[in-house]
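Q: Compact mmCIF, N, CA and C atoms and all ligand atoms, saved as input14.txt, coming up:
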```txt
# COMPACT_ATOMS: atom_id res chain seq x y z
N MET A 1 4.55 9.45 -3.24
CA MET A 1 5.74 9.35 -2.37
C MET A 1 6.35 7.95 -2.55
N THR A 2 7.62 7.89 -2.75
CA THR A 2 8.26 6.60 -2.98
C THR A 2 9.17 6.24 -1.82
N TYR A 3 9.10 4.99 -1.37
CA TYR A 3 9.97 4.54 -0.29
C TYR A 3 11.08 3.70 -0.86
N SER A 4 12.30 4.05 -0.55
CA SER A 4 13.44 3.30 -1.06
C SER A 4 13.79 2.16 -0.12
N LYS A 5 12.77 1.73 0.62
CA LYS A 5 12.95 0.59 1.50
C LYS A 5 13.47 -0.58 0.68
N ASP A 6 14.34 -1.34 1.24
CA ASP A 6 14.97 -2.35 0.42
C ASP A 6 14.15 -3.63 0.33
N PHE A 7 13.32 -3.68 -0.70
CA PHE A 7 12.49 -4.84 -0.95
C PHE A 7 13.35 -6.10 -1.11
N ALA A 8 14.48 -5.94 -1.80
CA ALA A 8 15.35 -7.09 -2.07
C ALA A 8 15.87 -7.70 -0.77
N VAL A 9 16.31 -6.84 0.14
CA VAL A 9 16.86 -7.32 1.41
C VAL A 9 15.79 -8.07 2.20
N LYS A 10 14.58 -7.49 2.24
CA LYS A 10 13.49 -8.10 2.99
C LYS A 10 13.10 -9.46 2.39
N LEU A 11 13.04 -9.53 1.07
CA LEU A 11 12.70 -10.79 0.41
C LEU A 11 13.73 -11.86 0.74
N LYS A 12 15.01 -11.50 0.58
CA LYS A 12 16.07 -12.48 0.79
C LYS A 12 16.14 -12.93 2.24
N SER A 13 16.01 -11.97 3.17
CA SER A 13 16.11 -12.35 4.57
C SER A 13 14.91 -13.19 5.00
N SER A 14 13.82 -13.13 4.22
CA SER A 14 12.67 -13.98 4.52
C SER A 14 12.69 -15.28 3.73
N GLY A 15 13.77 -15.50 2.97
CA GLY A 15 13.92 -16.77 2.26
C GLY A 15 13.32 -16.80 0.87
N TYR A 16 13.04 -15.64 0.28
CA TYR A 16 12.48 -15.60 -1.07
C TYR A 16 13.52 -15.08 -2.06
N LYS A 17 13.44 -15.60 -3.28
CA LYS A 17 14.38 -15.16 -4.32
C LYS A 17 13.86 -13.90 -4.99
N LEU A 18 14.78 -13.05 -5.38
CA LEU A 18 14.41 -11.87 -6.15
C LEU A 18 14.47 -12.25 -7.63
N THR A 19 13.40 -12.85 -8.12
CA THR A 19 13.36 -13.26 -9.52
C THR A 19 13.19 -12.02 -10.41
N PRO A 20 13.54 -12.14 -11.71
CA PRO A 20 13.34 -11.00 -12.62
C PRO A 20 11.89 -10.52 -12.63
N GLN A 21 10.95 -11.45 -12.51
CA GLN A 21 9.54 -11.07 -12.50
C GLN A 21 9.20 -10.25 -11.25
N ARG A 22 9.68 -10.73 -10.10
CA ARG A 22 9.43 -9.98 -8.86
C ARG A 22 10.09 -8.60 -8.94
N ARG A 23 11.29 -8.57 -9.51
CA ARG A 23 12.01 -7.30 -9.63
C ARG A 23 11.20 -6.30 -10.47
N ALA A 24 10.64 -6.76 -11.57
CA ALA A 24 9.85 -5.90 -12.45
C ALA A 24 8.59 -5.40 -11.73
N ILE A 25 7.94 -6.30 -11.00
CA ILE A 25 6.72 -5.92 -10.28
C ILE A 25 7.04 -4.90 -9.19
N ILE A 26 8.13 -5.13 -8.47
CA ILE A 26 8.52 -4.22 -7.39
C ILE A 26 8.85 -2.83 -7.94
N SER A 27 9.59 -2.77 -9.05
CA SER A 27 9.97 -1.44 -9.53
C SER A 27 8.74 -0.70 -10.05
N SER A 28 7.77 -1.43 -10.56
CA SER A 28 6.53 -0.80 -10.99
C SER A 28 5.75 -0.24 -9.80
N ILE A 29 5.72 -0.98 -8.72
CA ILE A 29 5.03 -0.50 -7.51
C ILE A 29 5.73 0.73 -6.95
N LEU A 30 7.06 0.67 -6.90
CA LEU A 30 7.81 1.77 -6.31
C LEU A 30 7.69 3.05 -7.12
N SER A 31 7.40 2.94 -8.41
CA SER A 31 7.35 4.15 -9.23
C SER A 31 5.96 4.75 -9.27
N SER A 32 5.00 4.14 -8.58
CA SER A 32 3.64 4.68 -8.62
C SER A 32 3.30 5.48 -7.37
N GLU A 33 2.69 6.64 -7.55
CA GLU A 33 2.30 7.48 -6.42
C GLU A 33 0.92 7.13 -5.90
N ARG A 34 0.20 6.33 -6.69
CA ARG A 34 -1.12 5.94 -6.20
C ARG A 34 -1.16 4.43 -6.03
N SER A 35 -2.18 3.96 -5.38
CA SER A 35 -2.26 2.51 -5.18
C SER A 35 -2.82 1.88 -6.44
N LEU A 36 -2.33 0.68 -6.75
CA LEU A 36 -2.70 0.01 -7.99
C LEU A 36 -3.40 -1.31 -7.67
N THR A 37 -4.42 -1.61 -8.45
CA THR A 37 -5.03 -2.94 -8.35
C THR A 37 -4.12 -3.92 -9.08
N PRO A 38 -4.24 -5.23 -8.79
CA PRO A 38 -3.41 -6.20 -9.52
C PRO A 38 -3.58 -6.06 -11.04
N GLN A 39 -4.79 -5.79 -11.49
CA GLN A 39 -5.02 -5.62 -12.94
C GLN A 39 -4.26 -4.43 -13.49
N GLU A 40 -4.32 -3.29 -12.77
CA GLU A 40 -3.62 -2.09 -13.22
C GLU A 40 -2.12 -2.34 -13.29
N LEU A 41 -1.62 -3.00 -12.25
CA LEU A 41 -0.20 -3.31 -12.21
C LEU A 41 0.18 -4.22 -13.37
N HIS A 42 -0.65 -5.20 -13.61
CA HIS A 42 -0.40 -6.13 -14.70
C HIS A 42 -0.39 -5.41 -16.04
N SER A 43 -1.36 -4.52 -16.28
CA SER A 43 -1.37 -3.83 -17.58
C SER A 43 -0.18 -2.88 -17.73
N SER A 44 0.33 -2.35 -16.60
CA SER A 44 1.49 -1.48 -16.72
C SER A 44 2.76 -2.28 -17.03
N LEU A 45 2.73 -3.58 -16.76
CA LEU A 45 3.93 -4.40 -16.96
C LEU A 45 3.94 -5.14 -18.29
N VAL A 46 2.75 -5.37 -18.82
CA VAL A 46 2.62 -6.37 -19.87
C VAL A 46 3.37 -6.01 -21.15
N GLU A 47 3.48 -4.71 -21.42
CA GLU A 47 4.17 -4.31 -22.64
C GLU A 47 5.66 -4.69 -22.60
N LYS A 48 6.31 -4.34 -21.47
CA LYS A 48 7.74 -4.64 -21.36
C LYS A 48 8.02 -6.06 -20.89
N HIS A 49 7.06 -6.63 -20.17
CA HIS A 49 7.27 -7.97 -19.60
C HIS A 49 6.08 -8.87 -19.92
N PRO A 50 5.91 -9.21 -21.19
CA PRO A 50 4.73 -10.02 -21.57
C PRO A 50 4.70 -11.40 -20.89
N GLN A 51 5.83 -11.83 -20.33
CA GLN A 51 5.86 -13.17 -19.71
C GLN A 51 5.24 -13.17 -18.31
N ILE A 52 4.98 -11.98 -17.76
CA ILE A 52 4.41 -11.93 -16.41
C ILE A 52 2.89 -12.00 -16.48
N GLY A 53 2.34 -13.06 -15.91
CA GLY A 53 0.90 -13.25 -15.94
C GLY A 53 0.22 -12.58 -14.75
N LEU A 54 -1.09 -12.44 -14.86
CA LEU A 54 -1.86 -11.80 -13.79
C LEU A 54 -1.76 -12.59 -12.48
N VAL A 55 -1.71 -13.91 -12.59
CA VAL A 55 -1.60 -14.73 -11.38
C VAL A 55 -0.30 -14.45 -10.64
N THR A 56 0.79 -14.27 -11.40
CA THR A 56 2.08 -13.94 -10.79
C THR A 56 2.01 -12.59 -10.08
N VAL A 57 1.32 -11.63 -10.70
CA VAL A 57 1.16 -10.32 -10.07
C VAL A 57 0.40 -10.46 -8.76
N TYR A 58 -0.70 -11.20 -8.79
CA TYR A 58 -1.48 -11.45 -7.57
C TYR A 58 -0.62 -12.07 -6.47
N ARG A 59 0.10 -13.15 -6.84
CA ARG A 59 0.90 -13.87 -5.84
C ARG A 59 2.00 -12.99 -5.26
N THR A 60 2.65 -12.22 -6.14
CA THR A 60 3.73 -11.36 -5.68
C THR A 60 3.20 -10.27 -4.74
N LEU A 61 2.04 -9.71 -5.08
CA LEU A 61 1.44 -8.70 -4.21
C LEU A 61 1.09 -9.29 -2.85
N GLU A 62 0.53 -10.49 -2.85
CA GLU A 62 0.20 -11.15 -1.59
C GLU A 62 1.45 -11.34 -0.74
N LEU A 63 2.52 -11.79 -1.40
CA LEU A 63 3.78 -12.03 -0.70
C LEU A 63 4.35 -10.73 -0.11
N LEU A 64 4.44 -9.70 -0.94
CA LEU A 64 5.01 -8.43 -0.47
C LEU A 64 4.16 -7.84 0.64
N ASN A 65 2.84 -8.02 0.53
CA ASN A 65 1.93 -7.52 1.55
C ASN A 65 2.16 -8.25 2.87
N ARG A 66 2.34 -9.57 2.77
CA ARG A 66 2.58 -10.38 3.96
C ARG A 66 3.89 -9.99 4.64
N LEU A 67 4.88 -9.57 3.84
CA LEU A 67 6.17 -9.17 4.39
C LEU A 67 6.13 -7.74 4.94
N GLY A 68 4.99 -7.10 4.84
CA GLY A 68 4.84 -5.76 5.40
C GLY A 68 5.44 -4.66 4.55
N LEU A 69 5.58 -4.91 3.26
CA LEU A 69 6.21 -3.92 2.38
C LEU A 69 5.18 -3.04 1.67
N LEU A 70 3.91 -3.40 1.80
CA LEU A 70 2.88 -2.67 1.05
C LEU A 70 1.81 -2.10 1.96
N CYS A 71 1.12 -1.08 1.47
CA CYS A 71 -0.11 -0.61 2.09
C CYS A 71 -1.25 -1.14 1.25
N GLU A 72 -2.31 -1.59 1.90
CA GLU A 72 -3.43 -2.16 1.19
C GLU A 72 -4.65 -1.25 1.31
N PHE A 73 -5.37 -1.10 0.22
CA PHE A 73 -6.56 -0.26 0.22
C PHE A 73 -7.73 -1.07 -0.29
N GLN A 74 -8.88 -0.88 0.32
CA GLN A 74 -10.08 -1.47 -0.25
C GLN A 74 -11.24 -0.52 -0.03
N PRO A 75 -11.35 0.48 -0.94
CA PRO A 75 -12.47 1.40 -0.80
C PRO A 75 -13.77 0.63 -1.04
N GLN A 76 -14.86 1.09 -0.41
CA GLN A 76 -16.14 0.39 -0.56
C GLN A 76 -16.51 0.29 -2.03
N GLY A 77 -16.83 -0.91 -2.46
CA GLY A 77 -17.28 -1.09 -3.82
C GLY A 77 -16.18 -1.16 -4.85
N SER A 78 -14.92 -1.04 -4.44
CA SER A 78 -13.85 -1.16 -5.43
C SER A 78 -12.94 -2.33 -5.10
N ALA A 79 -12.06 -2.63 -6.04
CA ALA A 79 -11.14 -3.74 -5.86
C ALA A 79 -10.01 -3.36 -4.91
N ARG A 80 -9.38 -4.36 -4.32
CA ARG A 80 -8.22 -4.10 -3.47
C ARG A 80 -7.09 -3.53 -4.31
N SER A 81 -6.36 -2.60 -3.73
CA SER A 81 -5.20 -2.06 -4.43
C SER A 81 -4.06 -1.90 -3.43
N PHE A 82 -2.87 -1.75 -3.97
CA PHE A 82 -1.66 -1.77 -3.14
C PHE A 82 -0.68 -0.70 -3.56
N LYS A 83 0.10 -0.22 -2.61
CA LYS A 83 1.25 0.61 -2.93
C LYS A 83 2.34 0.37 -1.90
N ALA A 84 3.55 0.81 -2.24
CA ALA A 84 4.65 0.68 -1.29
C ALA A 84 4.45 1.68 -0.17
N GLY A 85 4.85 1.31 1.03
CA GLY A 85 4.65 2.23 2.15
C GLY A 85 5.66 2.01 3.24
N PRO A 86 5.71 2.92 4.21
CA PRO A 86 6.65 2.76 5.31
C PRO A 86 6.22 1.62 6.23
N ALA A 87 7.19 0.98 6.88
CA ALA A 87 6.89 -0.17 7.72
C ALA A 87 6.21 0.25 9.02
N GLU A 88 6.48 1.47 9.48
CA GLU A 88 5.93 1.85 10.78
C GLU A 88 4.44 2.21 10.66
N HIS A 89 3.77 2.22 11.78
CA HIS A 89 2.35 2.57 11.84
C HIS A 89 2.14 3.96 11.24
N HIS A 90 1.18 4.06 10.32
CA HIS A 90 0.97 5.35 9.67
C HIS A 90 -0.44 5.44 9.12
N HIS A 91 -0.78 6.60 8.61
CA HIS A 91 -2.12 6.83 8.06
C HIS A 91 -2.01 7.42 6.67
N HIS A 92 -3.16 7.55 6.01
CA HIS A 92 -3.16 7.95 4.60
C HIS A 92 -4.00 9.18 4.31
N LEU A 93 -3.50 9.95 3.36
CA LEU A 93 -4.31 10.98 2.69
C LEU A 93 -4.51 10.48 1.27
N VAL A 94 -5.75 10.36 0.83
CA VAL A 94 -6.00 9.83 -0.50
C VAL A 94 -6.70 10.88 -1.35
N CYS A 95 -6.16 11.13 -2.55
CA CYS A 95 -6.76 12.14 -3.44
C CYS A 95 -7.85 11.49 -4.28
N ARG A 96 -9.06 12.08 -4.23
CA ARG A 96 -10.18 11.57 -5.02
C ARG A 96 -10.05 11.95 -6.49
N GLY A 97 -9.14 12.88 -6.78
CA GLY A 97 -8.96 13.30 -8.17
C GLY A 97 -8.05 12.34 -8.92
N CYS A 98 -6.79 12.25 -8.48
CA CYS A 98 -5.81 11.48 -9.24
C CYS A 98 -5.44 10.17 -8.55
N GLY A 99 -5.89 9.97 -7.33
CA GLY A 99 -5.61 8.72 -6.64
C GLY A 99 -4.29 8.72 -5.89
N GLU A 100 -3.58 9.84 -5.88
CA GLU A 100 -2.31 9.87 -5.15
C GLU A 100 -2.54 9.55 -3.67
N VAL A 101 -1.61 8.79 -3.08
CA VAL A 101 -1.70 8.46 -1.66
C VAL A 101 -0.48 9.02 -0.96
N VAL A 102 -0.70 9.80 0.10
CA VAL A 102 0.40 10.31 0.90
C VAL A 102 0.34 9.63 2.25
N ASP A 103 1.45 9.03 2.67
CA ASP A 103 1.53 8.41 3.98
C ASP A 103 1.97 9.46 4.99
N PHE A 104 1.38 9.43 6.17
CA PHE A 104 1.94 10.26 7.22
C PHE A 104 2.05 9.47 8.51
N THR A 105 3.15 9.66 9.19
CA THR A 105 3.40 8.96 10.44
C THR A 105 3.20 9.95 11.58
N GLY A 106 3.10 9.44 12.80
CA GLY A 106 2.90 10.32 13.94
C GLY A 106 1.49 10.89 13.93
N ARG A 107 1.20 11.77 14.83
CA ARG A 107 -0.11 12.39 14.96
C ARG A 107 -1.23 11.36 14.88
N CYS A 108 -1.00 10.24 15.53
CA CYS A 108 -1.98 9.17 15.55
C CYS A 108 -2.99 9.46 16.67
N PRO A 109 -4.29 9.31 16.40
CA PRO A 109 -5.29 9.68 17.42
C PRO A 109 -5.39 8.66 18.54
N ILE A 110 -4.27 8.45 19.24
CA ILE A 110 -4.19 7.42 20.27
C ILE A 110 -5.03 7.78 21.50
N GLU A 111 -5.22 9.07 21.76
CA GLU A 111 -6.05 9.48 22.92
C GLU A 111 -7.49 9.04 22.71
N LEU A 112 -7.93 9.09 21.47
CA LEU A 112 -9.29 8.67 21.13
C LEU A 112 -9.48 7.19 21.47
N LYS A 113 -8.46 6.39 21.18
CA LYS A 113 -8.51 4.95 21.46
C LYS A 113 -8.73 4.70 22.96
N THR A 114 -7.93 5.39 23.77
CA THR A 114 -8.03 5.19 25.22
C THR A 114 -9.42 5.56 25.74
N SER A 115 -9.95 6.70 25.27
CA SER A 115 -11.25 7.10 25.80
C SER A 115 -12.37 6.21 25.24
N LEU A 116 -12.20 5.73 23.99
CA LEU A 116 -13.19 4.80 23.43
C LEU A 116 -13.20 3.49 24.20
N GLU A 117 -12.02 3.00 24.56
CA GLU A 117 -11.93 1.76 25.33
C GLU A 117 -12.63 1.91 26.67
N ARG A 118 -12.40 3.05 27.29
CA ARG A 118 -13.00 3.30 28.60
C ARG A 118 -14.53 3.35 28.46
N GLU A 119 -15.01 4.01 27.41
CA GLU A 119 -16.46 4.17 27.24
C GLU A 119 -17.17 2.89 26.83
N THR A 120 -16.51 2.07 25.99
CA THR A 120 -17.22 0.95 25.38
C THR A 120 -16.80 -0.40 25.93
N GLY A 121 -15.69 -0.48 26.65
CA GLY A 121 -15.20 -1.76 27.13
C GLY A 121 -14.48 -2.57 26.07
N PHE A 122 -14.33 -2.01 24.87
CA PHE A 122 -13.57 -2.70 23.82
C PHE A 122 -12.08 -2.69 24.16
N LEU A 123 -11.38 -3.79 23.82
CA LEU A 123 -9.93 -3.74 23.77
C LEU A 123 -9.59 -3.50 22.31
N ILE A 124 -9.16 -2.31 21.99
CA ILE A 124 -8.89 -1.95 20.59
C ILE A 124 -7.48 -2.38 20.22
N THR A 125 -7.37 -3.24 19.22
CA THR A 125 -6.06 -3.77 18.84
C THR A 125 -5.56 -3.19 17.53
N ASP A 126 -6.44 -2.55 16.78
CA ASP A 126 -6.03 -2.05 15.47
C ASP A 126 -6.99 -0.94 15.05
N HIS A 127 -6.51 -0.09 14.18
CA HIS A 127 -7.42 0.92 13.62
C HIS A 127 -6.86 1.40 12.30
N GLN A 128 -7.74 1.99 11.52
CA GLN A 128 -7.32 2.60 10.27
C GLN A 128 -7.90 3.99 10.22
N LEU A 129 -7.11 4.92 9.73
CA LEU A 129 -7.58 6.29 9.60
C LEU A 129 -7.17 6.75 8.22
N GLU A 130 -8.14 7.22 7.48
CA GLU A 130 -7.83 7.64 6.12
C GLU A 130 -8.55 8.95 5.84
N PHE A 131 -7.82 9.93 5.34
CA PHE A 131 -8.43 11.17 4.93
C PHE A 131 -8.57 11.16 3.42
N ALA A 132 -9.71 11.58 2.92
CA ALA A 132 -9.89 11.67 1.47
C ALA A 132 -10.14 13.12 1.09
N GLY A 133 -9.71 13.51 -0.08
CA GLY A 133 -9.91 14.88 -0.52
C GLY A 133 -9.22 15.10 -1.84
N TYR A 134 -8.66 16.29 -2.02
CA TYR A 134 -8.01 16.62 -3.29
C TYR A 134 -6.60 17.12 -3.04
N CYS A 135 -5.65 16.57 -3.78
CA CYS A 135 -4.25 16.95 -3.60
C CYS A 135 -4.01 18.34 -4.19
N ARG A 136 -2.81 18.84 -3.98
CA ARG A 136 -2.41 20.17 -4.46
C ARG A 136 -2.71 20.36 -5.95
N ASN A 137 -2.42 19.32 -6.74
CA ASN A 137 -2.64 19.45 -8.19
C ASN A 137 -4.10 19.42 -8.57
N CYS A 138 -4.88 18.66 -7.82
CA CYS A 138 -6.28 18.45 -8.21
C CYS A 138 -7.23 19.47 -7.59
N ARG A 139 -6.84 20.10 -6.49
CA ARG A 139 -7.81 20.93 -5.77
C ARG A 139 -8.27 22.15 -6.54
N GLY A 140 -7.44 22.64 -7.46
CA GLY A 140 -7.84 23.82 -8.22
C GLY A 140 -8.76 23.51 -9.39
N LYS A 141 -8.81 22.24 -9.78
CA LYS A 141 -9.55 21.90 -11.01
C LYS A 141 -11.07 21.92 -10.81
ZN ZN A 201 0.70 3.67 3.62
ZN ZN A 202 -4.85 14.55 -7.02
```
Would you kindly transcribe this structure into structure tokens?
Ligand SMILES: [Zn+2]
Ligand SMILES: [Zn+2]

A:
Amino acid sequence: MTYSKDFAVKLKSSGYKLTPQRRAIISSILSSERSLTPQELHSSLVEKHPQIGLVTVYRTLELLNRLGLLCEFQPQGSARSFKAGPAEHHHHLVCRGCGEVVDFTGRCPIELKTSLERETGFLITDHQLEFAGYCRNCRGK
């Protein structure tokens, strides 16, 4: 799923320039349906943009993530990866076959939070919910 959220507008309004390197990195992120590690993103760029180094990819991802333009993933035992996502609170369906990530908003288990707080005395300020399985294309294989 691709979000046509305006990365350029967000960068500029936050005081950052849309350099050709950032532009290339952003369009690569927007065209991917799965989350990419900095290395994967770098290898997808290097052929057309040999001037973009891995450090630039790392820095740009950190910046875009800080601006709230990305979703971040860190499965146990794997490297951090990123994809473009909606700004509002949402959850993920992740395909174990091809790695596709589908964002869904709404249907947040907020009732669970309230009852957990009551039971445990925790003040819950954040949560993550992720479903893993097989997408339409992968489930038949
Ligand atoms: Zn997301
Ligand atoms: Zn799949």

Q: Using all atoms listed in the file for the distances, tell me which of A:Leu36, A:Leu123, A:Leu116, A:Ile110 is nearest to Phe82 (chain A).

A: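 Selected residue with least distance to Phe82 (chain A): A:Leu36.
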
Q: Any idea what the distance is between CA of Pro75 (chain A) and atom N of Glu62 (chain A)?

A: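 That distance, rounded to one decimal, is 17.7 Å.
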
Q: Using CA of Leu30 (chain A) and atom C of Lys83 (chain A) as the two end points, give the distance in Å to one decimal.

A: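 Spanning CA of Leu30 (chain A) to atom C of Lys83 (chain A) is a straight-line distance of 7.2 Å.
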
Q: Restricting the calculation to only C-alpha atoms and all ligand atoms, which member of A:Leu129, A:Ala87, A:Cys98, A:Cys71 is positioned closest to ligand ZN 201 (chain A)?

A: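 Result for the nearest residue to ligand ZN 201 (chain A): A:Cys71.
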
Q: If you run DSSP over the backbone, which residues in chain A end up strand (DSSP E or B)? Put them as a list in words.

A: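 Filtering chain A down to strand (DSSP E or B) leaves Arg34, Leu36, Leu70, Cys71, Glu72, Phe73, Ser81, Phe82, Lys83, Ala84, His90, His91, His92, Leu93, Val94, Cys95, Glu100, Val101, Val102, Asp103, Phe104, Thr105, Glu130, Phe131, Ala132 and Gly133 of chain A.
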
Q: Kindly compile the residues surrounding ligand ZN 201 (chain A) within 8 Å, counting only C-alpha atoms and all ligand atoms, and format them as a short mmCIF file (atom, residue, chain, number, x, y, z; two decimals) with N, CA and C atoms, in the frame of the given file.

A:
```cif
data_model
loop_
_atom_site.label_atom_id
_atom_site.label_comp_id
_atom_site.auth_asym_id
_atom_site.auth_seq_id
_atom_site.Cartn_x
_atom_site.Cartn_y
_atom_site.Cartn_z
N LEU A 70 3.91 -3.40 1.80
CA LEU A 70 2.88 -2.67 1.05
C LEU A 70 1.81 -2.10 1.96
N CYS A 71 1.12 -1.08 1.47
CA CYS A 71 -0.11 -0.61 2.09
C CYS A 71 -1.25 -1.14 1.25
N GLU A 72 -2.31 -1.59 1.90
CA GLU A 72 -3.43 -2.16 1.19
C GLU A 72 -4.65 -1.25 1.31
N LYS A 83 0.10 -0.22 -2.61
CA LYS A 83 1.25 0.61 -2.93
C LYS A 83 2.34 0.37 -1.90
N ALA A 84 3.55 0.81 -2.24
CA ALA A 84 4.65 0.68 -1.29
C ALA A 84 4.45 1.68 -0.17
N GLY A 85 4.85 1.31 1.03
CA GLY A 85 4.65 2.23 2.15
C GLY A 85 5.66 2.01 3.24
N PRO A 86 5.71 2.92 4.21
CA PRO A 86 6.65 2.76 5.31
C PRO A 86 6.22 1.62 6.23
N HIS A 90 1.18 4.06 10.32
CA HIS A 90 0.97 5.35 9.67
C HIS A 90 -0.44 5.44 9.12
N HIS A 91 -0.78 6.60 8.61
CA HIS A 91 -2.12 6.83 8.06
C HIS A 91 -2.01 7.42 6.67
N HIS A 92 -3.16 7.55 6.01
CA HIS A 92 -3.16 7.95 4.60
C HIS A 92 -4.00 9.18 4.31
N VAL A 101 -1.61 8.79 -3.08
CA VAL A 101 -1.70 8.46 -1.66
C VAL A 101 -0.48 9.02 -0.96
N VAL A 102 -0.70 9.80 0.10
CA VAL A 102 0.40 10.31 0.90
C VAL A 102 0.34 9.63 2.25
N ASP A 103 1.45 9.03 2.67
CA ASP A 103 1.53 8.41 3.98
C ASP A 103 1.97 9.46 4.99
N PHE A 104 1.38 9.43 6.17
CA PHE A 104 1.94 10.26 7.22
C PHE A 104 2.05 9.47 8.51
#
```

Q: Which residue gives the smallest distance to Val9 (chain A) among A:Glu47, A:Ser32, A:Tyr134, A:Leu69, with only C-alpha atoms counted?

A: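 The shortest atom-to-atom distance to Val9 (chain A) comes from A:Leu69.
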
Q: Please return as an NGL selection string the residues found within 12 Å of ligand ZN 202 (chain A), counting only C-alpha atoms and all ligand atoms.

A: :A and (33-34 or 93-102 or 132-141)

Q: Atoms to include: N, CA and C atoms. Write the selected residues as a JSON list (two decimals), in the coordinates of the input.

A:
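After the write, out30.json holds the following:
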```json
[["chain", "number", "residue", "atom", "x", "y", "z"],
["A", 33, "GLU", "N", 2.69, 6.64, -7.55],
["A", 33, "GLU", "CA", 2.30, 7.48, -6.42],
["A", 33, "GLU", "C", 0.92, 7.13, -5.90],
["A", 34, "ARG", "N", 0.20, 6.33, -6.69],
["A", 34, "ARG", "CA", -1.12, 5.94, -6.20],
["A", 34, "ARG", "C", -1.16, 4.43, -6.03],
["A", 93, "LEU", "N", -3.50, 9.95, 3.36],
["A", 93, "LEU", "CA", -4.31, 10.98, 2.69],
["A", 93, "LEU", "C", -4.51, 10.48, 1.27],
["A", 94, "VAL", "N", -5.75, 10.36, 0.83],
["A", 94, "VAL", "CA", -6.00, 9.83, -0.50],
["A", 94, "VAL", "C", -6.70, 10.88, -1.35],
["A", 95, "CYS", "N", -6.16, 11.13, -2.55],
["A", 95, "CYS", "CA", -6.76, 12.14, -3.44],
["A", 95, "CYS", "C", -7.85, 11.49, -4.28],
["A", 96, "ARG", "N", -9.06, 12.08, -4.23],
["A", 96, "ARG", "CA", -10.18, 11.57, -5.02],
["A", 96, "ARG", "C", -10.05, 11.95, -6.49],
["A", 97, "GLY", "N", -9.14, 12.88, -6.78],
["A", 97, "GLY", "CA", -8.96, 13.30, -8.17],
["A", 97, "GLY", "C", -8.05, 12.34, -8.92],
["A", 98, "CYS", "N", -6.79, 12.25, -8.48],
["A", 98, "CYS", "CA", -5.81, 11.48, -9.24],
["A", 98, "CYS", "C", -5.44, 10.17, -8.55],
["A", 99, "GLY", "N", -5.89, 9.97, -7.33],
["A", 99, "GLY", "CA", -5.61, 8.72, -6.64],
["A", 99, "GLY", "C", -4.29, 8.72, -5.89],
["A", 100, "GLU", "N", -3.58, 9.84, -5.88],
["A", 100, "GLU", "CA", -2.31, 9.87, -5.15],
["A", 100, "GLU", "C", -2.54, 9.55, -3.67],
["A", 101, "VAL", "N", -1.61, 8.79, -3.08],
["A", 101, "VAL", "CA", -1.70, 8.46, -1.66],
["A", 101, "VAL", "C", -0.48, 9.02, -0.96],
["A", 102, "VAL", "N", -0.70, 9.80, 0.10],
["A", 102, "VAL", "CA", 0.40, 10.31, 0.90],
["A", 102, "VAL", "C", 0.34, 9.63, 2.25],
["A", 132, "ALA", "N", -9.71, 11.58, 2.92],
["A", 132, "ALA", "CA", -9.89, 11.67, 1.47],
["A", 132, "ALA", "C", -10.14, 13.12, 1.09],
["A", 133, "GLY", "N", -9.71, 13.51, -0.08],
["A", 133, "GLY", "CA", -9.91, 14.88, -0.52],
["A", 133, "GLY", "C", -9.22, 15.10, -1.84],
["A", 134, "TYR", "N", -8.66, 16.29, -2.02],
["A", 134, "TYR", "CA", -8.01, 16.62, -3.29],
["A", 134, "TYR", "C", -6.60, 17.12, -3.04],
["A", 135, "CYS", "N", -5.65, 16.57, -3.78],
["A", 135, "CYS", "CA", -4.25, 16.95, -3.60],
["A", 135, "CYS", "C", -4.01, 18.34, -4.19],
["A", 136, "ARG", "N", -2.81, 18.84, -3.98],
["A", 136, "ARG", "CA", -2.41, 20.17, -4.46],
["A", 136, "ARG", "C", -2.71, 20.36, -5.95],
["A", 137, "ASN", "N", -2.42, 19.32, -6.74],
["A", 137, "ASN", "CA", -2.64, 19.45, -8.19],
["A", 137, "ASN", "C", -4.10, 19.42, -8.57],
["A", 138, "CYS", "N", -4.88, 18.66, -7.82],
["A", 138, "CYS", "CA", -6.28, 18.45, -8.21],
["A", 138, "CYS", "C", -7.23, 19.47, -7.59],
["A", 139, "ARG", "N", -6.84, 20.10, -6.49],
["A", 139, "ARG", "CA", -7.81, 20.93, -5.77],
["A", 139, "ARG", "C", -8.27, 22.15, -6.54],
["A", 140, "GLY", "N", -7.44, 22.64, -7.46],
["A", 140, "GLY", "CA", -7.84, 23.82, -8.22],
["A", 140, "GLY", "C", -8.76, 23.51, -9.39],
["A", 141, "LYS", "N", -8.81, 22.24, -9.78],
["A", 141, "LYS", "CA", -9.55, 21.90, -11.01],
["A", 141, "LYS", "C", -11.07, 21.92, -10.81]]
```

Q: Give me, please, the distance in Å between atom C of Ser31 (chain A) and atom N of Ser78 (chain A), quoted to one decimal.

A: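 Atom-to-atom, atom C of Ser31 (chain A) to atom N of Ser78 (chain A), that is 22.2 Å.
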
Q: I need the residues of region 3-129 of chain A that end up classed as helix (DSSP H, G or I) by DSSP on the backbone, written out as a PyMOL selection string.

A: chain A and resi 7-13+20-30+38-46+54-66+110-120

Q: Using all atoms listed in the file, pick whichever of A:Pro109, A:Val57, A:Ser27, A:Leu67 has the shortest atom-to-atom distance to His42 (chain A).

A: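 Checking each candidate against His42 (chain A), we get A:Val57 as the closest.
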
Q: In the coordinates of the file, take the point (4.6, -8.1, -6.7) and a cut-off of 12 Å; then, counting only C-alpha atoms, name each qualifying protein, DNA or RNA residue as number ranges by chain.

A: A: 7-8, 11, 18-30, 36-39, 41-42, 45, 52-67, 69-70, 81-84
